[in-house]
Amino acid sequence: MPELPEVETVARGLRAPLVGKRIKAMWHDWERALHSPGAAEFAARISGQKIRAVNRRGKYILIALDAGDTLLIHLKMSGRLYVAPAAEEHEADRWVHVRFDLDSGEQLRFSDLRKFGRVYLSNDVAALLAHLGPEPLSADFTLARFQSGMRGRSRAIKSLLLQQEFVAGIGNIYADEALFRAGINPAARANGLSEEDCALLHRAIQDALRAGIAHEGASIGWYRKPDGKRGNSQNYFYVYGREGLPCRHCGSAINKIRLAQRGTHFCPQCQPAQAAD
Ligand SMILES: [Zn+2]
């Protein structure tokens, strides 16, 4: 599933082709892709609105419109967004279930093979996204807030990092990468981390996400940039998808275990298990 670096790359890639253009009409053939409002209101309300900005919050793409509405898109497992002239065909077109016609003669297409992706139209984004924790690359994500969020949480730190209410935008890939960078075992209890470990992890989360953005996301699955090209983040991973391969730091074989119902990658040498208490 696309995580913060992938969604950020998509938002950046859509900005130039979308900002300043007006949405003329909406088309869809998969009702459930429209989270809210319903299809009739969605189409009526969005038609005629001009695109002011394209941003991101957590794993949501936010397309701000001039009548005070925001078009929100969650890519989920297999969503792809791209802008193309109406007559131009694209390899991912067969999975397009929602499309927006622009006044430039182009279309914003939402292709989604697995059909888990969702679009929303809202005039109250803050309420819609109120459940999200701090944005990890913003000033809101302070070490103090991060540490206080861990108090009383006896679950595995990996599992806590995946909670969007705790910190927004991290998924399975960048959780594993951040924990490796901090030298913390993914099964370590969140409330058992030392102050030093918390500080290392706080920094490592930001470093792992920034590296992901710099390499324009990881195209290990379905994710592609809006221009159709692959991201390169996967070529720089320390642990994710590297089970059995030598650790880039110590040469030990990277392990893969099941944790929080997810495949979890770590180096047993660089990320030793917590001492039992
Ligand atoms: Zn190692």
# chains A, B, ... in the order shown; residues from 1 in each chain; ligands from 1
>>> closest_atom_pairs(of="chain A", to="ligand 1", cutoff="12 Å", atoms="only C-alpha atoms and all ligand atoms", output="tab-separated table")
residue	atom	partner	partner_atom_place_in_ligand_line	distance
A:Leu179	CA	ligand 1	1 (Zn)	11.9
A:Phe180	CA	ligand 1	1 (Zn)	8.4
A:Arg181	CA	ligand 1	1 (Zn)	10.1
A:Ala182	CA	ligand 1	1 (Zn)	11.5
A:Gly183	CA	ligand 1	1 (Zn)	8.7
A:Ile184	CA	ligand 1	1 (Zn)	11.2
A:Asn185	CA	ligand 1	1 (Zn)	11.4
A:Tyr238	CA	ligand 1	1 (Zn)	9.0
A:Val239	CA	ligand 1	1 (Zn)	9.2
A:Arg242	CA	ligand 1	1 (Zn)	11.8
A:Glu243	CA	ligand 1	1 (Zn)	11.9
A:Gly244	CA	ligand 1	1 (Zn)	11.7
A:Leu245	CA	ligand 1	1 (Zn)	10.4
A:Pro246	CA	ligand 1	1 (Zn)	7.7
A:Cys247	CA	ligand 1	1 (Zn)	4.5
A:Arg248	CA	ligand 1	1 (Zn)	6.5
A:His249	CA	ligand 1	1 (Zn)	4.9
A:Cys250	CA	ligand 1	1 (Zn)	4.1
A:Gly251	CA	ligand 1	1 (Zn)	5.9
A:Ser252	CA	ligand 1	1 (Zn)	5.5
A:Ala253	CA	ligand 1	1 (Zn)	7.7
A:Ile254	CA	ligand 1	1 (Zn)	7.4
A:Asn255	CA	ligand 1	1 (Zn)	10.1
A:His265	CA	ligand 1	1 (Zn)	11.4
A:Phe266	CA	ligand 1	1 (Zn)	8.1
A:Cys267	CA	ligand 1	1 (Zn)	4.7
A:Pro268	CA	ligand 1	1 (Zn)	6.7
A:Gln269	CA	ligand 1	1 (Zn)	5.0
A:Cys270	CA	ligand 1	1 (Zn)	4.2
A:Gln271	CA	ligand 1	1 (Zn)	7.2
A:Pro272	CA	ligand 1	1 (Zn)	9.5
>>> residues_around(residues="Trp30 of chain A", least_positions_apart="2", cutoff="8 Å", atoms="only C-alpha atoms", output="list in words")
His28, Arg32, Ala33, Leu34, His97 and Val98 of chain A
>>> write_last_selection(atoms="C-alpha atoms", output="compact mmCIF listing (two decimals), in the first residue's frame")
# COMPACT_ATOMS: atom_id res chain seq x y z
CA HIS A 28 -17.75 6.80 -12.32
CA ARG A 32 -18.43 2.27 -3.66
CA ALA A 33 -15.36 4.25 -4.71
CA LEU A 34 -17.37 7.37 -3.79
CA HIS A 97 -13.48 3.68 -11.99
CA VAL A 98 -13.61 7.42 -11.30
>>> residues_around(residues="segment 65-78 of chain A", least_positions_apart="6", cutoff="6 Å", atoms="only C-alpha atoms", output="ChimeraX atom specification")
/A:1,49-52,112-114,116-123,222
>>> closest_residue(among="A:Ser138, A:Ser159, A:Gln147, A:Ser36", to="Arg210 of chain A", atoms="only C-alpha atoms")
A:Ser138
>>> closest_residue(among="A:Ala43, A:Val7, A:Ala178, A:Leu108", to="Tyr223 of chain A", atoms="only C-alpha atoms")
A:Val7
>>> closest_residue(among="A:Val83, A:Ile63, A:Leu162, A:Ile46", to="Lys225 of chain A", atoms="only C-alpha atoms")
A:Val83
>>> select_by_dssp(residues="segment 18-92 of chain A", states="strand (DSSP E or B)", output="JSON, numbers by chain")
{"A": [22, 23, 24, 25, 26, 27, 28, 34, 35, 36, 50, 51, 52, 53, 54, 55, 56, 57, 60, 61, 62, 63, 64, 65, 70, 71, 72, 73, 74, 79, 80, 81, 82, 83, 84, 85]}
>>> closest_residue(among="A:Ala175, A:Thr142, A:Lys21, A:Tyr82", to="Ala53 of chain A", atoms="only C-alpha atoms")
A:Lys21
>>> residues_around(residues="Arg258 of chain A", least_positions_apart="4", cutoff="12 Å", atoms="only C-alpha atoms", output="PDB file with all heavy atoms, in the first residue's frame")
ATOM      1  N   ALA A 156       3.622  -3.921  20.790  1.00  0.00           N
ATOM      2  CA  ALA A 156       4.890  -3.855  20.067  1.00  0.00           C
ATOM      3  C   ALA A 156       5.003  -2.500  19.368  1.00  0.00           C
ATOM      4  O   ALA A 156       4.033  -1.999  18.798  1.00  0.00           O
ATOM      5  CB  ALA A 156       4.962  -4.976  19.044  1.00  0.00           C
ATOM      6  N   LYS A 158       6.343  -1.699  16.606  1.00  0.00           N
ATOM      7  CA  LYS A 158       5.980  -1.757  15.178  1.00  0.00           C
ATOM      8  C   LYS A 158       4.479  -1.570  14.989  1.00  0.00           C
ATOM      9  O   LYS A 158       4.035  -0.819  14.117  1.00  0.00           O
ATOM     10  CB  LYS A 158       6.412  -3.106  14.591  1.00  0.00           C
ATOM     11  CG  LYS A 158       5.687  -3.519  13.310  1.00  0.00           C
ATOM     12  CD  LYS A 158       6.392  -3.128  12.047  1.00  0.00           C
ATOM     13  CE  LYS A 158       5.584  -3.463  10.804  1.00  0.00           C
ATOM     14  NZ  LYS A 158       6.114  -4.534  10.016  1.00  0.00           N
ATOM     15  N   SER A 159       3.711  -2.263  15.808  1.00  0.00           N
ATOM     16  CA  SER A 159       2.270  -2.189  15.690  1.00  0.00           C
ATOM     17  C   SER A 159       1.756  -0.777  16.003  1.00  0.00           C
ATOM     18  O   SER A 159       0.846  -0.273  15.340  1.00  0.00           O
ATOM     19  CB  SER A 159       1.672  -3.275  16.591  1.00  0.00           C
ATOM     20  OG  SER A 159       0.473  -2.892  17.135  1.00  0.00           O
ATOM     21  N   ASN A 172       3.636  -0.413   6.589  1.00  0.00           N
ATOM     22  CA  ASN A 172       4.518  -1.540   6.878  1.00  0.00           C
ATOM     23  C   ASN A 172       5.969  -1.317   6.450  1.00  0.00           C
ATOM     24  O   ASN A 172       6.906  -1.680   7.160  1.00  0.00           O
ATOM     25  CB  ASN A 172       3.964  -2.781   6.169  1.00  0.00           C
ATOM     26  CG  ASN A 172       4.408  -4.046   6.846  1.00  0.00           C
ATOM     27  OD1 ASN A 172       4.514  -4.099   8.058  1.00  0.00           O
ATOM     28  ND2 ASN A 172       4.695  -5.062   6.048  1.00  0.00           N
ATOM     29  N   PRO A 186      11.504  -4.661  16.305  1.00  0.00           N
ATOM     30  CA  PRO A 186      10.093  -4.319  16.047  1.00  0.00           C
ATOM     31  C   PRO A 186       9.125  -4.851  17.104  1.00  0.00           C
ATOM     32  O   PRO A 186       8.041  -4.287  17.289  1.00  0.00           O
ATOM     33  CB  PRO A 186       9.801  -4.958  14.686  1.00  0.00           C
ATOM     34  CG  PRO A 186      11.010  -5.717  14.293  1.00  0.00           C
ATOM     35  CD  PRO A 186      12.132  -5.357  15.181  1.00  0.00           C
ATOM     36  N   ALA A 187       9.513  -5.894  17.820  1.00  0.00           N
ATOM     37  CA  ALA A 187       8.628  -6.468  18.845  1.00  0.00           C
ATOM     38  C   ALA A 187       8.796  -5.793  20.201  1.00  0.00           C
ATOM     39  O   ALA A 187       8.067  -6.116  21.149  1.00  0.00           O
ATOM     40  CB  ALA A 187       8.886  -7.968  18.973  1.00  0.00           C
ATOM     41  N   ARG A 262       1.484  -8.492  10.012  1.00  0.00           N
ATOM     42  CA  ARG A 262       2.210  -8.010   8.839  1.00  0.00           C
ATOM     43  C   ARG A 262       3.588  -8.661   8.785  1.00  0.00           C
ATOM     44  O   ARG A 262       4.187  -8.958   9.813  1.00  0.00           O
ATOM     45  CB  ARG A 262       2.408  -6.487   8.907  1.00  0.00           C
ATOM     46  CG  ARG A 262       1.168  -5.695   9.272  1.00  0.00           C
ATOM     47  CD  ARG A 262       0.106  -5.770   8.200  1.00  0.00           C
ATOM     48  NE  ARG A 262       0.557  -5.179   6.942  1.00  0.00           N
ATOM     49  CZ  ARG A 262       0.463  -3.883   6.658  1.00  0.00           C
ATOM     50  NH1 ARG A 262      -0.038  -3.037   7.518  1.00  0.00           N
ATOM     51  NH2 ARG A 262       0.877  -3.426   5.497  1.00  0.00           N
ATOM     52  N   GLY A 263       4.071  -8.867   7.563  1.00  0.00           N
ATOM     53  CA  GLY A 263       5.446  -9.307   7.394  1.00  0.00           C
ATOM     54  C   GLY A 263       6.354  -8.213   7.945  1.00  0.00           C
ATOM     55  O   GLY A 263       6.175  -7.051   7.629  1.00  0.00           O
ATOM     56  N   THR A 264       7.309  -8.618   8.775  1.00  0.00           N
ATOM     57  CA  THR A 264       8.151  -7.641   9.463  1.00  0.00           C
ATOM     58  C   THR A 264       9.615  -8.023   9.274  1.00  0.00           C
ATOM     59  O   THR A 264      10.006  -9.153   9.550  1.00  0.00           O
ATOM     60  CB  THR A 264       7.772  -7.602  10.959  1.00  0.00           C
ATOM     61  OG1 THR A 264       6.435  -7.125  11.056  1.00  0.00           O
ATOM     62  CG2 THR A 264       8.699  -6.722  11.754  1.00  0.00           C
ATOM     63  N   HIS A 265      10.405  -7.079   8.789  1.00  0.00           N
ATOM     64  CA  HIS A 265      11.802  -7.337   8.454  1.00  0.00           C
ATOM     65  C   HIS A 265      12.712  -6.633   9.441  1.00  0.00           C
ATOM     66  O   HIS A 265      12.489  -5.471   9.764  1.00  0.00           O
ATOM     67  CB  HIS A 265      12.105  -6.823   7.052  1.00  0.00           C
ATOM     68  CG  HIS A 265      11.108  -7.269   6.020  1.00  0.00           C
ATOM     69  ND1 HIS A 265       9.855  -6.712   5.927  1.00  0.00           N
ATOM     70  CD2 HIS A 265      11.183  -8.213   5.055  1.00  0.00           C
ATOM     71  CE1 HIS A 265       9.186  -7.300   4.937  1.00  0.00           C
ATOM     72  NE2 HIS A 265       9.967  -8.206   4.392  1.00  0.00           N
ATOM     73  N   PHE A 266      13.750  -7.329   9.890  1.00  0.00           N
ATOM     74  CA  PHE A 266      14.690  -6.685  10.807  1.00  0.00           C
ATOM     75  C   PHE A 266      16.010  -7.451  10.803  1.00  0.00           C
ATOM     76  O   PHE A 266      16.089  -8.593  10.353  1.00  0.00           O
ATOM     77  CB  PHE A 266      14.122  -6.617  12.230  1.00  0.00           C
ATOM     78  CG  PHE A 266      14.003  -7.948  12.919  1.00  0.00           C
ATOM     79  CD1 PHE A 266      14.915  -8.322  13.903  1.00  0.00           C
ATOM     80  CD2 PHE A 266      13.009  -8.841  12.573  1.00  0.00           C
ATOM     81  CE1 PHE A 266      14.826  -9.553  14.532  1.00  0.00           C
ATOM     82  CE2 PHE A 266      12.911 -10.091  13.194  1.00  0.00           C
ATOM     83  CZ  PHE A 266      13.818 -10.442  14.177  1.00  0.00           C
TER      84      PHE A 266
END
>>> closest_residue(among="A:Leu193, A:Ala16, A:Leu259, A:Ala64", to="Val125 of chain A", atoms="only C-alpha atoms")
A:Ala64
>>> residues_around(residues="Asn232 of chain A", least_positions_apart="2", cutoff="6 Å", atoms="only C-alpha atoms", output="VMD selection string")
chain A and resid 215 218 234 to 235
>>> select_by_dssp(residues="segment 4-141 of chain A", states="helix (DSSP H, G or I)", output="ChimeraX atom specification")
/A:4-18,31-33,39-46,93-95,125-128
>>> closest_residue(among="A:Ala40, A:Leu201, A:Ala84, A:Ala190", to="Leu160 of chain A", atoms="only C-alpha atoms")
A:Ala190
>>> residues_around(residues="Gln206 of chain A", least_positions_apart="2", cutoff="12 Å", atoms="only C-alpha atoms", output="ChimeraX atom specification")
/A:4-5,135-139,141-143,167-170,174-175,177-179,181-182,199-204,208-213
>>> write_last_selection(atoms="N, CA, C and O atoms", output="tab-separated table (two decimals), in the first residue's frame")
chain	number	residue	atom	x	y	z
A	4	LEU	N	3.32	7.37	3.17
A	4	LEU	CA	3.56	8.81	3.06
A	4	LEU	C	4.46	9.20	1.89
A	4	LEU	O	4.10	10.10	1.11
A	5	PRO	N	5.62	8.57	1.69
A	5	PRO	CA	6.49	9.02	0.59
A	5	PRO	C	5.86	8.82	-0.80
A	5	PRO	O	6.05	9.66	-1.69
A	135	GLU	N	1.51	14.85	11.69
A	135	GLU	CA	2.19	14.67	10.41
A	135	GLU	C	3.69	14.56	10.73
A	135	GLU	O	4.27	15.51	11.27
A	136	PRO	N	4.33	13.43	10.43
A	136	PRO	CA	5.68	13.19	10.95
A	136	PRO	C	6.77	14.13	10.42
A	136	PRO	O	7.82	14.25	11.06
A	137	LEU	N	6.53	14.79	9.30
A	137	LEU	CA	7.55	15.71	8.80
A	137	LEU	C	7.18	17.17	9.10
A	137	LEU	O	7.76	18.09	8.52
A	138	SER	N	6.21	17.36	9.99
A	138	SER	CA	5.83	18.73	10.35
A	138	SER	C	6.29	19.05	11.76
A	138	SER	O	6.70	18.16	12.52
A	139	ALA	N	6.17	20.33	12.12
A	139	ALA	CA	6.58	20.78	13.45
A	139	ALA	C	5.69	20.20	14.55
A	139	ALA	O	6.07	20.20	15.71
A	141	PHE	N	5.06	17.20	15.02
A	141	PHE	CA	5.60	15.91	15.45
A	141	PHE	C	6.81	16.15	16.34
A	141	PHE	O	7.96	15.98	15.94
A	142	THR	N	6.54	16.56	17.56
A	142	THR	CA	7.64	16.83	18.48
A	142	THR	C	8.03	15.55	19.21
A	142	THR	O	7.23	14.62	19.32
A	143	LEU	N	9.25	15.54	19.70
A	143	LEU	CA	9.72	14.38	20.46
A	143	LEU	C	8.86	14.19	21.72
A	143	LEU	O	8.51	13.07	22.09
A	167	VAL	N	0.67	8.31	14.70
A	167	VAL	CA	1.40	9.19	13.78
A	167	VAL	C	0.90	8.85	12.38
A	167	VAL	O	0.70	7.68	12.05
A	168	ALA	N	0.66	9.86	11.56
A	168	ALA	CA	0.01	9.67	10.26
A	168	ALA	C	1.01	9.30	9.17
A	168	ALA	O	2.12	9.83	9.14
A	169	GLY	N	0.60	8.40	8.29
A	169	GLY	CA	1.34	8.20	7.04
A	169	GLY	C	2.29	7.02	6.99
A	169	GLY	O	2.78	6.66	5.92
A	170	ILE	N	2.59	6.42	8.17
A	170	ILE	CA	3.53	5.30	8.18
A	170	ILE	C	2.78	4.00	7.95
A	170	ILE	O	1.72	3.78	8.52
A	174	TYR	N	7.80	1.64	5.81
A	174	TYR	CA	8.62	2.65	6.48
A	174	TYR	C	8.68	2.44	7.98
A	174	TYR	O	9.61	2.93	8.64
A	175	ALA	N	7.74	1.66	8.53
A	175	ALA	CA	7.87	1.26	9.94
A	175	ALA	C	9.11	0.37	10.09
A	175	ALA	O	9.94	0.58	10.99
A	177	GLU	N	11.69	0.15	8.10
A	177	GLU	CA	12.90	0.92	7.78
A	177	GLU	C	13.30	1.85	8.94
A	177	GLU	O	14.48	1.96	9.28
A	178	ALA	N	12.30	2.50	9.55
A	178	ALA	CA	12.60	3.41	10.66
A	178	ALA	C	13.15	2.64	11.85
A	178	ALA	O	14.11	3.08	12.50
A	179	LEU	N	12.57	1.48	12.16
A	179	LEU	CA	13.03	0.70	13.31
A	179	LEU	C	14.46	0.21	13.08
A	179	LEU	O	15.28	0.21	14.01
A	181	ARG	N	16.76	1.76	11.25
A	181	ARG	CA	17.62	2.95	11.37
A	181	ARG	C	17.85	3.33	12.83
A	181	ARG	O	18.89	3.87	13.17
A	182	ALA	N	16.84	3.03	13.70
A	182	ALA	CA	16.97	3.37	15.11
A	182	ALA	C	17.60	2.23	15.91
A	182	ALA	O	17.90	2.40	17.10
A	199	ALA	N	14.16	8.99	21.16
A	199	ALA	CA	14.76	10.08	20.38
A	199	ALA	C	15.34	9.55	19.07
A	199	ALA	O	15.18	10.16	18.01
A	200	LEU	N	15.99	8.38	19.15
A	200	LEU	CA	16.55	7.77	17.93
A	200	LEU	C	15.44	7.43	16.94
A	200	LEU	O	15.56	7.65	15.74
A	201	LEU	N	14.34	6.88	17.46
A	201	LEU	CA	13.24	6.46	16.58
A	201	LEU	C	12.52	7.66	15.97
A	201	LEU	O	12.16	7.64	14.79
A	202	HIS	N	12.34	8.68	16.78
A	202	HIS	CA	11.70	9.92	16.30
A	202	HIS	C	12.46	10.46	15.09
A	202	HIS	O	11.89	10.80	14.06
A	203	ARG	N	13.77	10.49	15.23
A	203	ARG	CA	14.64	10.96	14.15
A	203	ARG	C	14.62	9.99	12.96
A	203	ARG	O	14.57	10.40	11.79
A	204	ALA	N	14.65	8.68	13.28
A	204	ALA	CA	14.72	7.65	12.23
A	204	ALA	C	13.45	7.63	11.38
A	204	ALA	O	13.51	7.38	10.16
A	208	ALA	N	13.75	8.07	7.44
A	208	ALA	CA	13.26	7.02	6.52
A	208	ALA	C	12.24	7.60	5.54
A	208	ALA	O	12.26	7.29	4.35
A	209	LEU	N	11.35	8.45	6.05
A	209	LEU	CA	10.33	9.04	5.18
A	209	LEU	C	10.95	10.02	4.19
A	209	LEU	O	10.58	10.03	3.00
A	210	ARG	N	11.92	10.82	4.67
A	210	ARG	CA	12.57	11.77	3.76
A	210	ARG	C	13.34	11.04	2.65
A	210	ARG	O	13.34	11.47	1.50
A	211	ALA	N	13.97	9.93	3.01
A	211	ALA	CA	14.68	9.14	1.98
A	211	ALA	C	13.67	8.60	0.97
A	211	ALA	O	13.93	8.60	-0.24
A	212	GLY	N	12.52	8.13	1.47
A	212	GLY	CA	11.48	7.62	0.58
A	212	GLY	C	11.00	8.67	-0.40
A	212	GLY	O	10.79	8.40	-1.58
A	213	ILE	N	10.82	9.88	0.10
A	213	ILE	CA	10.37	10.98	-0.77
A	213	ILE	C	11.47	11.34	-1.78
A	213	ILE	O	11.21	11.53	-2.97
>>> atom_distance(atom1="atom CA of Arg15 of chain A", atom2="atom CA of Gly231 of chain A")
17.4 Å
>>> residues_around(residues="Ser104 of chain A", least_positions_apart="4", cutoff="10 Å", atoms="only C-alpha atoms", output="PyMOL selection string")
chain A and resi 17-18+20-24+85-86
>>> write_last_selection(atoms="N, CA, C and O atoms", output="PDB file, in the first residue's frame")
ATOM      1  N   PRO A  17       0.153  19.626 -13.302  1.00  0.00           N
ATOM      2  CA  PRO A  17      -0.907  19.391 -14.290  1.00  0.00           C
ATOM      3  C   PRO A  17      -2.319  19.778 -13.838  1.00  0.00           C
ATOM      4  O   PRO A  17      -3.210  19.908 -14.683  1.00  0.00           O
ATOM      5  N   LEU A  18      -2.548  19.968 -12.540  1.00  0.00           N
ATOM      6  CA  LEU A  18      -3.929  20.216 -12.086  1.00  0.00           C
ATOM      7  C   LEU A  18      -4.235  21.648 -11.647  1.00  0.00           C
ATOM      8  O   LEU A  18      -5.334  22.147 -11.910  1.00  0.00           O
ATOM      9  N   GLY A  20      -5.114  25.301 -11.146  1.00  0.00           N
ATOM     10  CA  GLY A  20      -5.599  26.336 -12.068  1.00  0.00           C
ATOM     11  C   GLY A  20      -6.630  25.826 -13.053  1.00  0.00           C
ATOM     12  O   GLY A  20      -7.305  26.613 -13.716  1.00  0.00           O
ATOM     13  N   LYS A  21      -6.789  24.495 -13.143  1.00  0.00           N
ATOM     14  CA  LYS A  21      -7.782  23.951 -14.077  1.00  0.00           C
ATOM     15  C   LYS A  21      -9.120  23.753 -13.380  1.00  0.00           C
ATOM     16  O   LYS A  21      -9.185  23.632 -12.161  1.00  0.00           O
ATOM     17  N   ARG A  22     -10.168  23.733 -14.171  1.00  0.00           N
ATOM     18  CA  ARG A  22     -11.519  23.615 -13.635  1.00  0.00           C
ATOM     19  C   ARG A  22     -12.080  22.233 -13.950  1.00  0.00           C
ATOM     20  O   ARG A  22     -11.872  21.711 -15.046  1.00  0.00           O
ATOM     21  N   ILE A  23     -12.759  21.655 -12.976  1.00  0.00           N
ATOM     22  CA  ILE A  23     -13.399  20.348 -13.184  1.00  0.00           C
ATOM     23  C   ILE A  23     -14.753  20.576 -13.852  1.00  0.00           C
ATOM     24  O   ILE A  23     -15.586  21.323 -13.339  1.00  0.00           O
ATOM     25  N   LYS A  24     -14.941  19.981 -15.008  1.00  0.00           N
ATOM     26  CA  LYS A  24     -16.208  20.170 -15.744  1.00  0.00           C
ATOM     27  C   LYS A  24     -17.241  19.121 -15.363  1.00  0.00           C
ATOM     28  O   LYS A  24     -18.435  19.399 -15.289  1.00  0.00           O
ATOM     29  N   PRO A  85      -4.635  13.727 -21.700  1.00  0.00           N
ATOM     30  CA  PRO A  85      -5.622  14.267 -22.639  1.00  0.00           C
ATOM     31  C   PRO A  85      -6.747  13.247 -22.825  1.00  0.00           C
ATOM     32  O   PRO A  85      -6.496  12.038 -22.801  1.00  0.00           O
ATOM     33  N   ALA A  86      -7.983  13.744 -22.986  1.00  0.00           N
ATOM     34  CA  ALA A  86      -9.148  12.856 -23.026  1.00  0.00           C
ATOM     35  C   ALA A  86      -8.996  11.729 -24.047  1.00  0.00           C
ATOM     36  O   ALA A  86      -9.447  10.603 -23.809  1.00  0.00           O
TER      37      ALA A  86
END
>>> atom_distance(atom1="atom CA of Gly133 of chain A", atom2="atom CA of Glu196 of chain A")
22.1 Å
>>> atom_distance(atom1="atom CA of Asn55 of chain A", atom2="atom CA of Ala260 of chain A")
29.9 Å
>>> decode(residues="segment 6-59 of chain A", atoms="C-alpha atoms", output="short mmCIF file (atom, residue, chain, number, x, y, z; two decimals), in the first residue's frame")
data_model
loop_
_atom_site.label_atom_id
_atom_site.label_comp_id
_atom_site.auth_asym_id
_atom_site.auth_seq_id
_atom_site.Cartn_x
_atom_site.Cartn_y
_atom_site.Cartn_z
CA GLU A 6 4.46 7.48 -2.25
CA VAL A 7 1.39 9.66 -1.58
CA GLU A 8 3.59 12.76 -1.26
CA THR A 9 5.20 11.93 -4.62
CA VAL A 10 1.78 11.56 -6.24
CA ALA A 11 0.61 14.89 -4.78
CA ARG A 12 3.74 16.65 -6.05
CA GLY A 13 3.36 15.06 -9.47
CA LEU A 14 -0.26 16.17 -9.80
CA ARG A 15 0.31 19.78 -8.75
CA ALA A 16 1.59 21.18 -12.04
CA PRO A 17 -0.91 19.39 -14.29
CA LEU A 18 -3.93 20.22 -12.09
CA VAL A 19 -3.63 23.58 -10.33
CA GLY A 20 -5.60 26.34 -12.07
CA LYS A 21 -7.78 23.95 -14.08
CA ARG A 22 -11.52 23.61 -13.63
CA ILE A 23 -13.40 20.35 -13.18
CA LYS A 24 -16.21 20.17 -15.74
CA ALA A 25 -17.74 16.81 -14.89
CA MET A 26 -17.28 13.57 -13.00
CA TRP A 27 -17.76 10.04 -14.29
CA HIS A 28 -17.75 6.80 -12.32
CA ASP A 29 -18.69 3.14 -12.78
CA TRP A 30 -18.02 1.91 -9.22
CA GLU A 31 -20.37 3.46 -6.71
CA ARG A 32 -18.43 2.27 -3.66
CA ALA A 33 -15.36 4.25 -4.71
CA LEU A 34 -17.37 7.37 -3.79
CA HIS A 35 -17.15 7.42 -0.02
CA SER A 36 -19.21 10.58 0.45
CA PRO A 37 -21.36 12.32 -0.59
CA GLY A 38 -23.46 10.10 -2.87
CA ALA A 39 -22.89 10.08 -6.62
CA ALA A 40 -25.55 12.62 -7.60
CA GLU A 41 -24.47 15.24 -5.06
CA PHE A 42 -20.78 14.51 -5.67
CA ALA A 43 -21.05 15.15 -9.41
CA ALA A 44 -23.29 18.21 -9.07
CA ARG A 45 -21.15 19.84 -6.40
CA ILE A 46 -17.72 19.26 -7.94
CA SER A 47 -18.67 20.33 -11.46
CA GLY A 48 -17.46 23.86 -12.19
CA GLN A 49 -15.01 24.04 -9.28
CA LYS A 50 -11.47 25.20 -9.98
CA ILE A 51 -8.45 23.41 -8.51
CA ARG A 52 -6.51 25.68 -6.18
CA ALA A 53 -3.90 23.36 -4.65
CA VAL A 54 -2.79 19.75 -4.30
CA ASN A 55 -1.51 18.62 -0.92
CA ARG A 56 -1.26 15.57 1.33
CA ARG A 57 -2.23 14.64 4.88
CA GLY A 58 -1.23 11.19 6.11
CA LYS A 59 -2.00 8.86 3.21
#
